[in-house]
Amino acid sequence: METPVDAPAAFADELQRAVRGDVRFDDYSRHLFSRDASMYTIRPVGVVCPRDHEDVAAAVRVAAKHGVEITPRGAGTSLAGQTVGRGIVLDFSKYMNRILDLDPEARTARVQVGVVQDDLNRAAAPYGLMFGPDTSTSNRATIGGMLGNNSAGSGSLRYGMTIDHVRALDAILADGSTAHFGPVDGAEVDRRAGAPTLEGSLYRELPRIVGDNAAAIADGFPPFWRRACGYRLDRLADDATPFDLAKFIVGCEGTLAIATEVDVDLVPKPKHTVYAVGHFETTQQAIEATGDALSCEPAQVELMDKTILDLSRQKIEYADLGDHLVGDPAALLFVSFNGDDRDEVLRRLDHLIEVWAAAGHGYHTLTLVTPAEQEALLKVRKSSLGLLMAASEGTNRPLAFVEDTAVPPERLAEYTARFAQILDTYEMKAGFYGHCSVGCLHIRPFVDLADPDEIARMRTVAAKIKELVREFGGVNSSEHGDGLARSEFNRDIFGDELYEAMQDVKRVFDPQDILNPGKIVNAPPMTDNLRDAMLAPAPELRTRLDFEVVGGMRSAADRCMNIGLCRKSTTGAMCPSYIATRDEEHATRGRANALVKALSEPDPKTALGDERLHEVLDLCLMCKACKAECPLGVDMAKLKSEALSHHHDIHGVPLRSRVFGAIRSLNRMGSTLAPIANLPGRVPFVRRLMERVLGIARERPLPRFHFRNLRRWYARQPKQHAPAALGTVNFLADSFTTYTEPHIGQAAIGLLQQAGWNVDLPAAGCCGRSALSKGLVDQAAASARDMAKRLDKGTAPDSPIVGCEPSCLYTLRDEHTSLAPDDPHVKAVAGRVRQLEELLVDAIDAGHLTLAADSWLAGRRILFHGHCHQKAEVGTAATMELLRRIPGAEVVELDAGCCGMAGSFGYESEHYEISMKVGSDRLFPAVRAEAPETVIAATGTSCREQISHGTDRSAWHPVELVHQALGSTDAHH
């Protein structure tokens, strides 16, 4: 264990001995936990990932002994800077993520604080239950983080805030002692007050503070109910409720005590939810329609403005919403109704449409009744923050400093208009979205934190908005907490007497001021510790790849704003290695932040050769899911390729990287020597030797080479001399379809020819994909230029280029343009790449290709798994449409994330276990759950290999199935 210069050796050693979980003091871990989703950065002394309640207590005791601060952290998605601090950061998400008990009869659950909200909801779903506060970050937000901020969400009109659902909790106090908090009567308060402990002092001193400040408590809190600010002394002063320190520390941001296990209430999940989506010509018109929407008693009323709508259209992952909209709305207002009676829910939906029509609200109202219809809308809504952040230009970003205000909904329209006037006065643009039903809009003005003048202007606007909120009877923090962004204003908001009572509360709970200091009370100015202001200018670095952004490679990595979508684990593919390890450094966010650190060093080229950085990047599977699924478009595959190339410059290229980087030559040689070349893969001695010399896992089956490869087969086919009806199409003979799976290429070419295409098989060489994945960027660039020149000069102009292997085909239109951005052949070829599935669908629909109604696939269920690169570049819609053209087949797309194979990654001995763990997360169980007669389909060769190895089920390429559906009566594979 390395001890940093600012952590005393005695403290580091004692902490390491006391804690069973992970204890990290290395520079990269400290940098990774210096940021959350806010605009702040504070470098901690170290990081602890506790395994349980006892670990937390031990860490706090050691920290208290040495006077070191403690900052608790869940997913690190806080927007106001709550989870950054100078001492030890406690990361609860890695180990303390278990659901300890779930009682459907009592409608309660007991969870560790690192449990993700969606995981709790999934466990509760079979009983028709869920956790009420539905945050937009539910796929990564932890219950502990929600407790710390008193989080709410779009359904708070019905379900309230986190504080309304906490029954009891176990906590560690500032001296490392344990307390169990929950509602107690007066006698129990007196009994506990007699204990000569820190807990005893709480029950003695807090009633005194409440009594001494009764008038200030009654008058000082903002009148609006939706509050996530200050300490909730009003709860303790309420004679109608029991004395409850569990609810009192909800919203304390870890400044009073550290919760470890929580008892929460669950609520019935409505059986039916429907949406009305109003289209408006201005944002103000949408807000003005809120009142009439609320009169219809909806579950939620949400706003999304044109800024976010336009950004969603630019991302494959979110573009579906735009296909459902009418015209080009400046804003959407979507209103939901839910309940168990479907007819009643639909009646209320119709009533809203009538009310809006009578009042002249909006120019169109779209109704979304089924979950499938609602999916695109909800996906964009939950990613609004990330999509807005994607509009960043360098250090000019939309920032969360006035984005959590809320006012009574009946005053929202006037308030928003005044808010916009303030922004106009200070020449700030902003995106608008949020919860109109509870008067909360998330408005994020663009600010360049590298410009001192803009920092000063930001603080001026924050002060103006604070006064505007006061005027409208609202709150400055309504669900995201105070943190570093708003705590500075709390004395002014609450008044001196109430604020000083809160300071007393902090002193009683935390006499040493070590629990997340500087939040809620005694805060630094909001302009201290700003992320971009503290980042050194990027030193010059010559890169091999073109990053197409101002600031080059570092700016490409620094696009990450830590919103943490890469930590989701139930949908999509991002980020497979994080799902397997639950370790921050193995999420896209962690890797991006690590690269920012390296690229900020005085000599970034040397820093890219650092072995600790290489360790952080190592488990990136280069699946490219982040490129599509990260709303900010952080392309870690590209960043890793560039970083690896600099690592090779310093340390040399490993033999295995050279071997895998030359995969086409290797496969061609294997084909030439087949079937003899297939024998070594079956000999245990040879496999052990390959593992020792090359690091190729002996557990992993090797591909089978075919002597009669695709090129040999094609050379023996009769050539078509007359012009084909549809023209010429060029089939990309990739390294896998050509030498290890030629039957797939044969099926594809046969289909194209029967559809009326003349198929050319150009000798184009290797696309360079495998070399690029190993950081052999110069080799990949040479391959890209060579292939592009061959294809551009050796094929008919404008003729489409198709292929069966997504990772190779889409390299032509993505990576090649970064490898050789100025090459005219690359540009020309990239524009000619088409999906094979599109051509076949067009041919079937036009009657050029006829599929038999009585093929063996009729009546079969086809389970389809899409390749990650395909999803990242074009999506899977065309493949699904092709499979749906098979008569009588039921086609289901599997959302199982990355298969875990990722080309050569799954062959490498040190990565084999992770590869299989990724596959075992969702893919393997889903395939195993299928009936034996279900047909498994996958577009990627790696995916098919992984499915076969992990489940003993064969997977077909979709074009094989369509070829089978031409009328073959018996399946062969």
# chains A, B, ... in the order shown; residues from 1 in each chain; ligands from 1

$ residues_around --residues "Leu233 (chain A)" --least-positions-apart "6" --cutoff "12 Å" --atoms "only C-alpha atoms" --output "PyMOL selection string"
chain A and resi 206-221+239+243-245+247-252+494+498-506

$ select_by_dssp --residues "region 413-505 of chain A" --states "strand (DSSP E)" --output "list in words"
Ala430, Gly431, Phe432, Tyr433, Gly434, His435, Cys440, Leu441, His442, Ile443, Arg444, Pro445, Phe446, Val447 and Asp448 of chain A

$ residues_around --residues "region 92-108 of chain A" --least-positions-apart "5" --cutoff "8 Å" --atoms "only C-alpha atoms" --output "PyMOL selection string"
chain A and resi 49-52+72-75+113-116+120+124+127+129+142+263-267+581-583

$ write_last_selection --atoms "N, CA and C atoms" --output "tab-separated table (two decimals), in the first residue's frame"
chain	number	residue	atom	x	y	z
A	49	CYS	N	-13.57	1.21	0.71
A	49	CYS	CA	-14.79	0.50	0.28
A	49	CYS	C	-15.13	-0.50	1.39
A	50	PRO	N	-15.96	-0.10	2.37
A	50	PRO	CA	-16.24	-0.99	3.50
A	50	PRO	C	-17.08	-2.18	3.09
A	51	ARG	N	-16.88	-3.29	3.80
A	51	ARG	CA	-17.64	-4.50	3.49
A	51	ARG	C	-18.94	-4.58	4.28
A	52	ASP	N	-19.01	-3.91	5.44
A	52	ASP	CA	-20.20	-4.02	6.27
A	52	ASP	C	-20.21	-2.90	7.30
A	72	PRO	N	-19.17	10.18	3.19
A	72	PRO	CA	-19.86	8.99	2.66
A	72	PRO	C	-20.33	9.22	1.23
A	73	ARG	N	-20.37	8.15	0.46
A	73	ARG	CA	-20.69	8.27	-0.97
A	73	ARG	C	-21.39	7.00	-1.45
A	74	GLY	N	-22.45	7.20	-2.25
A	74	GLY	CA	-23.12	6.08	-2.88
A	74	GLY	C	-22.64	5.93	-4.31
A	75	ALA	N	-23.45	6.39	-5.26
A	75	ALA	CA	-23.06	6.31	-6.67
A	75	ALA	C	-22.25	7.52	-7.12
A	113	VAL	N	-27.00	0.54	2.59
A	113	VAL	CA	-27.17	1.84	1.93
A	113	VAL	C	-26.61	1.88	0.51
A	114	GLY	N	-25.82	0.87	0.12
A	114	GLY	CA	-25.30	0.85	-1.25
A	114	GLY	C	-26.22	0.19	-2.25
A	115	VAL	N	-27.41	-0.23	-1.83
A	115	VAL	CA	-28.37	-0.85	-2.75
A	115	VAL	C	-28.85	0.19	-3.76
A	116	VAL	N	-28.85	-0.18	-5.02
A	116	VAL	CA	-29.35	0.70	-6.08
A	116	VAL	C	-30.87	0.65	-6.10
A	120	LEU	N	-33.69	-2.59	-5.79
A	120	LEU	CA	-34.74	-2.76	-4.79
A	120	LEU	C	-36.10	-2.89	-5.47
A	124	ALA	N	-38.79	-6.00	-5.34
A	124	ALA	CA	-40.14	-5.77	-4.83
A	124	ALA	C	-41.22	-6.01	-5.88
A	127	TYR	N	-44.07	-8.68	-5.92
A	127	TYR	CA	-45.12	-8.50	-4.92
A	127	TYR	C	-45.99	-7.28	-5.22
A	129	LEU	N	-44.89	-4.20	-5.55
A	129	LEU	CA	-44.44	-3.09	-4.71
A	129	LEU	C	-43.26	-2.39	-5.36
A	142	THR	N	-28.10	5.12	-5.22
A	142	THR	CA	-28.22	4.21	-4.08
A	142	THR	C	-29.22	4.76	-3.06
A	263	ASP	N	-34.34	0.73	7.14
A	263	ASP	CA	-35.66	0.14	6.97
A	263	ASP	C	-36.53	1.15	6.23
A	264	VAL	N	-37.06	0.75	5.08
A	264	VAL	CA	-37.86	1.65	4.27
A	264	VAL	C	-39.24	1.06	4.00
A	265	ASP	N	-40.18	1.95	3.78
A	265	ASP	CA	-41.52	1.55	3.36
A	265	ASP	C	-41.54	1.32	1.85
A	266	LEU	N	-42.35	0.38	1.42
A	266	LEU	CA	-42.62	0.16	0.01
A	266	LEU	C	-44.07	0.52	-0.27
A	267	VAL	N	-44.36	0.88	-1.49
A	267	VAL	CA	-45.72	1.29	-1.85
A	267	VAL	C	-46.22	0.41	-2.99
A	581	THR	N	-17.38	-6.00	-11.65
A	581	THR	CA	-16.51	-5.72	-10.50
A	581	THR	C	-17.09	-4.77	-9.48
A	582	ARG	N	-18.07	-3.93	-9.90
A	582	ARG	CA	-18.65	-2.89	-9.04
A	582	ARG	C	-17.58	-1.93	-8.52
A	583	ASP	N	-16.54	-1.77	-9.30
A	583	ASP	CA	-15.42	-0.91	-8.90
A	583	ASP	C	-15.42	0.36	-9.72

$ atom_distance --atom1 "CA of Ala58 (chain A)" --atom2 "CA of Gly176 (chain A)"
6.7 Å

$ residues_around --residues "Gln746 (chain A)" --least-positions-apart "5" --cutoff "10 Å" --atoms "only C-alpha atoms" --output "PyMOL selection string"
chain A and resi 709-711+713-714+737-738+741+751-752+959-960+963

$ closest_residue --among "A:Ala965, A:Ile749, A:Leu541, A:Ile70" --to "Arg885 (chain A)" --atoms "only C-alpha atoms"
A:Ala965

$ residues_around --residues "region 483-492 of chain A" --least-positions-apart "4" --cutoff "7 Å" --atoms "only C-alpha atoms" --output "PDB file with C-alpha atoms, in the first residue's frame"
ATOM      1  CA  ALA A  80     -24.292  19.966  -5.517  1.00  0.00           C
ATOM      2  CA  GLY A  81     -20.923  18.565  -4.392  1.00  0.00           C
ATOM      3  CA  GLN A  82     -22.070  16.539  -1.383  1.00  0.00           C
ATOM      4  CA  PHE A 401     -26.075  25.850  -9.296  1.00  0.00           C
ATOM      5  CA  ASP A 496     -29.410  33.982  11.930  1.00  0.00           C
ATOM      6  CA  TYR A 499     -29.062  28.888  11.135  1.00  0.00           C
ATOM      7  CA  LYS A 519     -21.999  21.215   3.732  1.00  0.00           C
ATOM      8  CA  ILE A 520     -25.307  22.669   5.015  1.00  0.00           C
ATOM      9  CA  VAL A 521     -23.561  24.791   7.675  1.00  0.00           C
ATOM     10  CA  ALA A 523     -19.722  26.171   4.116  1.00  0.00           C
ATOM     11  CA  PRO A 524     -17.052  27.769   1.930  1.00  0.00           C
ATOM     12  CA  PRO A 525     -18.114  30.173  -0.834  1.00  0.00           C
ATOM     13  CA  MET A 526     -19.893  28.391  -3.669  1.00  0.00           C
TER      14      MET A 526
END

$ atom_distance --atom1 "CA of Val841 (chain A)" --atom2 "CA of Leu966 (chain A)"
13.7 Å

$ residues_around --residues "region 344-347 of chain A" --least-positions-apart "5" --cutoff "8 Å" --atoms "only C-alpha atoms" --output "short mmCIF file (atom, residue, chain, number, x, y, z; two decimals) with C-alpha atoms, in the first residue's frame"
data_model
loop_
_atom_site.label_atom_id
_atom_site.label_comp_id
_atom_site.auth_asym_id
_atom_site.auth_seq_id
_atom_site.Cartn_x
_atom_site.Cartn_y
_atom_site.Cartn_z
CA HIS A 272 -51.40 0.75 -15.41
CA THR A 273 -49.67 4.01 -16.37
CA VAL A 274 -50.55 6.16 -19.37
CA PHE A 337 -52.06 8.93 -14.84
CA ASN A 338 -51.83 5.60 -13.08
CA GLY A 339 -53.94 3.14 -11.18
#

$ atom_distance --atom1 "CA of Leu157 (chain A)" --atom2 "CA of Glu410 (chain A)"
13.8 Å

$ decode --residues "region 392-519 of chain A" --atoms "C-alpha atoms" --output "PDB file, in the first residue's frame"
ATOM      1  CA  SER A 392     -20.986  21.358 -23.454  1.00  0.00           C
ATOM      2  CA  GLU A 393     -18.324  23.032 -25.545  1.00  0.00           C
ATOM      3  CA  GLY A 394     -14.979  22.575 -23.835  1.00  0.00           C
ATOM      4  CA  THR A 395     -15.239  24.142 -20.381  1.00  0.00           C
ATOM      5  CA  ASN A 396     -18.486  25.954 -21.261  1.00  0.00           C
ATOM      6  CA  ARG A 397     -20.982  23.627 -19.592  1.00  0.00           C
ATOM      7  CA  PRO A 398     -24.576  23.692 -18.301  1.00  0.00           C
ATOM      8  CA  LEU A 399     -24.023  23.755 -14.537  1.00  0.00           C
ATOM      9  CA  ALA A 400     -26.146  22.812 -11.543  1.00  0.00           C
ATOM     10  CA  PHE A 401     -26.075  25.850  -9.296  1.00  0.00           C
ATOM     11  CA  VAL A 402     -29.657  27.182  -9.547  1.00  0.00           C
ATOM     12  CA  GLU A 403     -31.269  23.985 -10.859  1.00  0.00           C
ATOM     13  CA  ASP A 404     -33.026  22.733  -7.745  1.00  0.00           C
ATOM     14  CA  THR A 405     -35.397  25.532  -6.844  1.00  0.00           C
ATOM     15  CA  ALA A 406     -39.111  24.899  -6.430  1.00  0.00           C
ATOM     16  CA  VAL A 407     -42.106  27.179  -5.936  1.00  0.00           C
ATOM     17  CA  PRO A 408     -45.824  26.478  -5.498  1.00  0.00           C
ATOM     18  CA  PRO A 409     -47.006  25.126  -8.879  1.00  0.00           C
ATOM     19  CA  GLU A 410     -49.710  27.772  -9.193  1.00  0.00           C
ATOM     20  CA  ARG A 411     -46.938  30.391  -9.310  1.00  0.00           C
ATOM     21  CA  LEU A 412     -44.569  28.439 -11.557  1.00  0.00           C
ATOM     22  CA  ALA A 413     -45.386  30.217 -14.825  1.00  0.00           C
ATOM     23  CA  GLU A 414     -44.745  33.678 -13.423  1.00  0.00           C
ATOM     24  CA  TYR A 415     -41.674  32.457 -11.544  1.00  0.00           C
ATOM     25  CA  THR A 416     -40.188  30.871 -14.665  1.00  0.00           C
ATOM     26  CA  ALA A 417     -40.734  34.016 -16.688  1.00  0.00           C
ATOM     27  CA  ARG A 418     -38.901  36.065 -14.041  1.00  0.00           C
ATOM     28  CA  PHE A 419     -36.158  33.443 -13.887  1.00  0.00           C
ATOM     29  CA  ALA A 420     -35.697  33.696 -17.646  1.00  0.00           C
ATOM     30  CA  GLN A 421     -35.490  37.486 -17.382  1.00  0.00           C
ATOM     31  CA  ILE A 422     -32.592  37.171 -14.938  1.00  0.00           C
ATOM     32  CA  LEU A 423     -30.785  34.811 -17.291  1.00  0.00           C
ATOM     33  CA  ASP A 424     -31.360  37.196 -20.192  1.00  0.00           C
ATOM     34  CA  THR A 425     -30.037  40.113 -18.158  1.00  0.00           C
ATOM     35  CA  TYR A 426     -26.791  38.253 -17.530  1.00  0.00           C
ATOM     36  CA  GLU A 427     -26.674  36.777 -21.041  1.00  0.00           C
ATOM     37  CA  MET A 428     -26.890  33.171 -19.946  1.00  0.00           C
ATOM     38  CA  LYS A 429     -28.510  30.444 -22.016  1.00  0.00           C
ATOM     39  CA  ALA A 430     -29.995  27.401 -20.303  1.00  0.00           C
ATOM     40  CA  GLY A 431     -31.927  24.188 -20.848  1.00  0.00           C
ATOM     41  CA  PHE A 432     -35.257  23.671 -19.039  1.00  0.00           C
ATOM     42  CA  TYR A 433     -36.762  20.431 -17.778  1.00  0.00           C
ATOM     43  CA  GLY A 434     -38.218  19.170 -14.546  1.00  0.00           C
ATOM     44  CA  HIS A 435     -41.240  18.472 -12.389  1.00  0.00           C
ATOM     45  CA  CYS A 436     -43.917  21.039 -13.112  1.00  0.00           C
ATOM     46  CA  SER A 437     -46.378  19.149 -10.916  1.00  0.00           C
ATOM     47  CA  VAL A 438     -44.396  20.178  -7.823  1.00  0.00           C
ATOM     48  CA  GLY A 439     -43.044  23.485  -9.078  1.00  0.00           C
ATOM     49  CA  CYS A 440     -39.489  22.201  -9.563  1.00  0.00           C
ATOM     50  CA  LEU A 441     -37.614  23.022 -12.748  1.00  0.00           C
ATOM     51  CA  HIS A 442     -34.040  21.918 -13.388  1.00  0.00           C
ATOM     52  CA  ILE A 443     -32.592  24.940 -15.145  1.00  0.00           C
ATOM     53  CA  ARG A 444     -28.875  24.725 -15.893  1.00  0.00           C
ATOM     54  CA  PRO A 445     -27.231  27.859 -17.305  1.00  0.00           C
ATOM     55  CA  PHE A 446     -24.079  27.461 -19.385  1.00  0.00           C
ATOM     56  CA  VAL A 447     -20.963  28.747 -17.602  1.00  0.00           C
ATOM     57  CA  ASP A 448     -17.264  28.585 -18.426  1.00  0.00           C
ATOM     58  CA  LEU A 449     -15.577  27.845 -15.125  1.00  0.00           C
ATOM     59  CA  ALA A 450     -12.173  28.522 -16.658  1.00  0.00           C
ATOM     60  CA  ASP A 451     -13.162  32.206 -16.948  1.00  0.00           C
ATOM     61  CA  PRO A 452     -13.003  34.178 -13.651  1.00  0.00           C
ATOM     62  CA  ASP A 453     -15.521  36.725 -14.955  1.00  0.00           C
ATOM     63  CA  GLU A 454     -18.063  33.998 -15.660  1.00  0.00           C
ATOM     64  CA  ILE A 455     -17.509  32.538 -12.196  1.00  0.00           C
ATOM     65  CA  ALA A 456     -18.342  35.910 -10.660  1.00  0.00           C
ATOM     66  CA  ARG A 457     -21.392  36.219 -12.882  1.00  0.00           C
ATOM     67  CA  MET A 458     -22.517  32.722 -11.855  1.00  0.00           C
ATOM     68  CA  ARG A 459     -22.470  33.676  -8.177  1.00  0.00           C
ATOM     69  CA  THR A 460     -24.381  36.891  -8.897  1.00  0.00           C
ATOM     70  CA  VAL A 461     -27.088  34.924 -10.701  1.00  0.00           C
ATOM     71  CA  ALA A 462     -27.237  32.388  -7.856  1.00  0.00           C
ATOM     72  CA  ALA A 463     -27.841  35.206  -5.374  1.00  0.00           C
ATOM     73  CA  LYS A 464     -30.524  36.756  -7.604  1.00  0.00           C
ATOM     74  CA  ILE A 465     -32.350  33.452  -7.974  1.00  0.00           C
ATOM     75  CA  LYS A 466     -32.181  32.874  -4.219  1.00  0.00           C
ATOM     76  CA  GLU A 467     -34.012  36.169  -3.696  1.00  0.00           C
ATOM     77  CA  LEU A 468     -36.519  35.334  -6.424  1.00  0.00           C
ATOM     78  CA  VAL A 469     -37.258  32.012  -4.728  1.00  0.00           C
ATOM     79  CA  ARG A 470     -37.848  33.803  -1.433  1.00  0.00           C
ATOM     80  CA  GLU A 471     -40.229  36.244  -3.111  1.00  0.00           C
ATOM     81  CA  PHE A 472     -42.301  33.387  -4.536  1.00  0.00           C
ATOM     82  CA  GLY A 473     -42.431  31.409  -1.283  1.00  0.00           C
ATOM     83  CA  GLY A 474     -40.278  28.596  -2.640  1.00  0.00           C
ATOM     84  CA  VAL A 475     -37.174  26.641  -1.649  1.00  0.00           C
ATOM     85  CA  ASN A 476     -33.624  26.902  -2.903  1.00  0.00           C
ATOM     86  CA  SER A 477     -33.017  23.135  -2.651  1.00  0.00           C
ATOM     87  CA  SER A 478     -35.980  20.905  -3.391  1.00  0.00           C
ATOM     88  CA  GLU A 479     -34.506  17.445  -4.063  1.00  0.00           C
ATOM     89  CA  HIS A 480     -30.778  17.666  -4.780  1.00  0.00           C
ATOM     90  CA  GLY A 481     -29.643  19.087  -1.445  1.00  0.00           C
ATOM     91  CA  ASP A 482     -27.374  21.961  -0.426  1.00  0.00           C
ATOM     92  CA  GLY A 483     -23.861  20.566  -0.859  1.00  0.00           C
ATOM     93  CA  LEU A 484     -21.176  23.051  -1.841  1.00  0.00           C
ATOM     94  CA  ALA A 485     -23.418  24.832  -4.346  1.00  0.00           C
ATOM     95  CA  ARG A 486     -26.095  26.218  -2.010  1.00  0.00           C
ATOM     96  CA  SER A 487     -24.977  25.824   1.603  1.00  0.00           C
ATOM     97  CA  GLU A 488     -23.301  29.239   1.508  1.00  0.00           C
ATOM     98  CA  PHE A 489     -26.749  30.862   1.295  1.00  0.00           C
ATOM     99  CA  ASN A 490     -28.363  28.976   4.171  1.00  0.00           C
ATOM    100  CA  ARG A 491     -27.798  31.676   6.811  1.00  0.00           C
ATOM    101  CA  ASP A 492     -29.590  34.169   4.606  1.00  0.00           C
ATOM    102  CA  ILE A 493     -32.365  31.702   3.758  1.00  0.00           C
ATOM    103  CA  PHE A 494     -33.107  30.546   7.310  1.00  0.00           C
ATOM    104  CA  GLY A 495     -32.115  33.654   9.267  1.00  0.00           C
ATOM    105  CA  ASP A 496     -29.410  33.982  11.930  1.00  0.00           C
ATOM    106  CA  GLU A 497     -31.246  32.322  14.813  1.00  0.00           C
ATOM    107  CA  LEU A 498     -32.389  29.216  12.953  1.00  0.00           C
ATOM    108  CA  TYR A 499     -29.062  28.888  11.135  1.00  0.00           C
ATOM    109  CA  GLU A 500     -27.151  29.068  14.414  1.00  0.00           C
ATOM    110  CA  ALA A 501     -29.474  26.425  15.852  1.00  0.00           C
ATOM    111  CA  MET A 502     -28.433  24.246  12.926  1.00  0.00           C
ATOM    112  CA  GLN A 503     -24.802  24.953  13.746  1.00  0.00           C
ATOM    113  CA  ASP A 504     -25.546  23.761  17.293  1.00  0.00           C
ATOM    114  CA  VAL A 505     -27.020  20.567  15.857  1.00  0.00           C
ATOM    115  CA  LYS A 506     -23.820  19.970  13.897  1.00  0.00           C
ATOM    116  CA  ARG A 507     -21.676  20.515  17.032  1.00  0.00           C
ATOM    117  CA  VAL A 508     -23.776  18.081  19.075  1.00  0.00           C
ATOM    118  CA  PHE A 509     -23.605  15.318  16.483  1.00  0.00           C
ATOM    119  CA  ASP A 510     -20.037  15.963  15.339  1.00  0.00           C
ATOM    120  CA  PRO A 511     -17.873  17.705  17.959  1.00  0.00           C
ATOM    121  CA  GLN A 512     -14.673  17.271  15.918  1.00  0.00           C
ATOM    122  CA  ASP A 513     -16.304  18.452  12.665  1.00  0.00           C
ATOM    123  CA  ILE A 514     -15.080  15.395  10.732  1.00  0.00           C
ATOM    124  CA  LEU A 515     -18.335  14.222   9.132  1.00  0.00           C
ATOM    125  CA  ASN A 516     -18.474  15.720   5.634  1.00  0.00           C
ATOM    126  CA  PRO A 517     -17.724  19.261   6.847  1.00  0.00           C
ATOM    127  CA  GLY A 518     -18.546  22.325   4.791  1.00  0.00           C
ATOM    128  CA  LYS A 519     -21.999  21.215   3.732  1.00  0.00           C
TER     129      LYS A 519
END
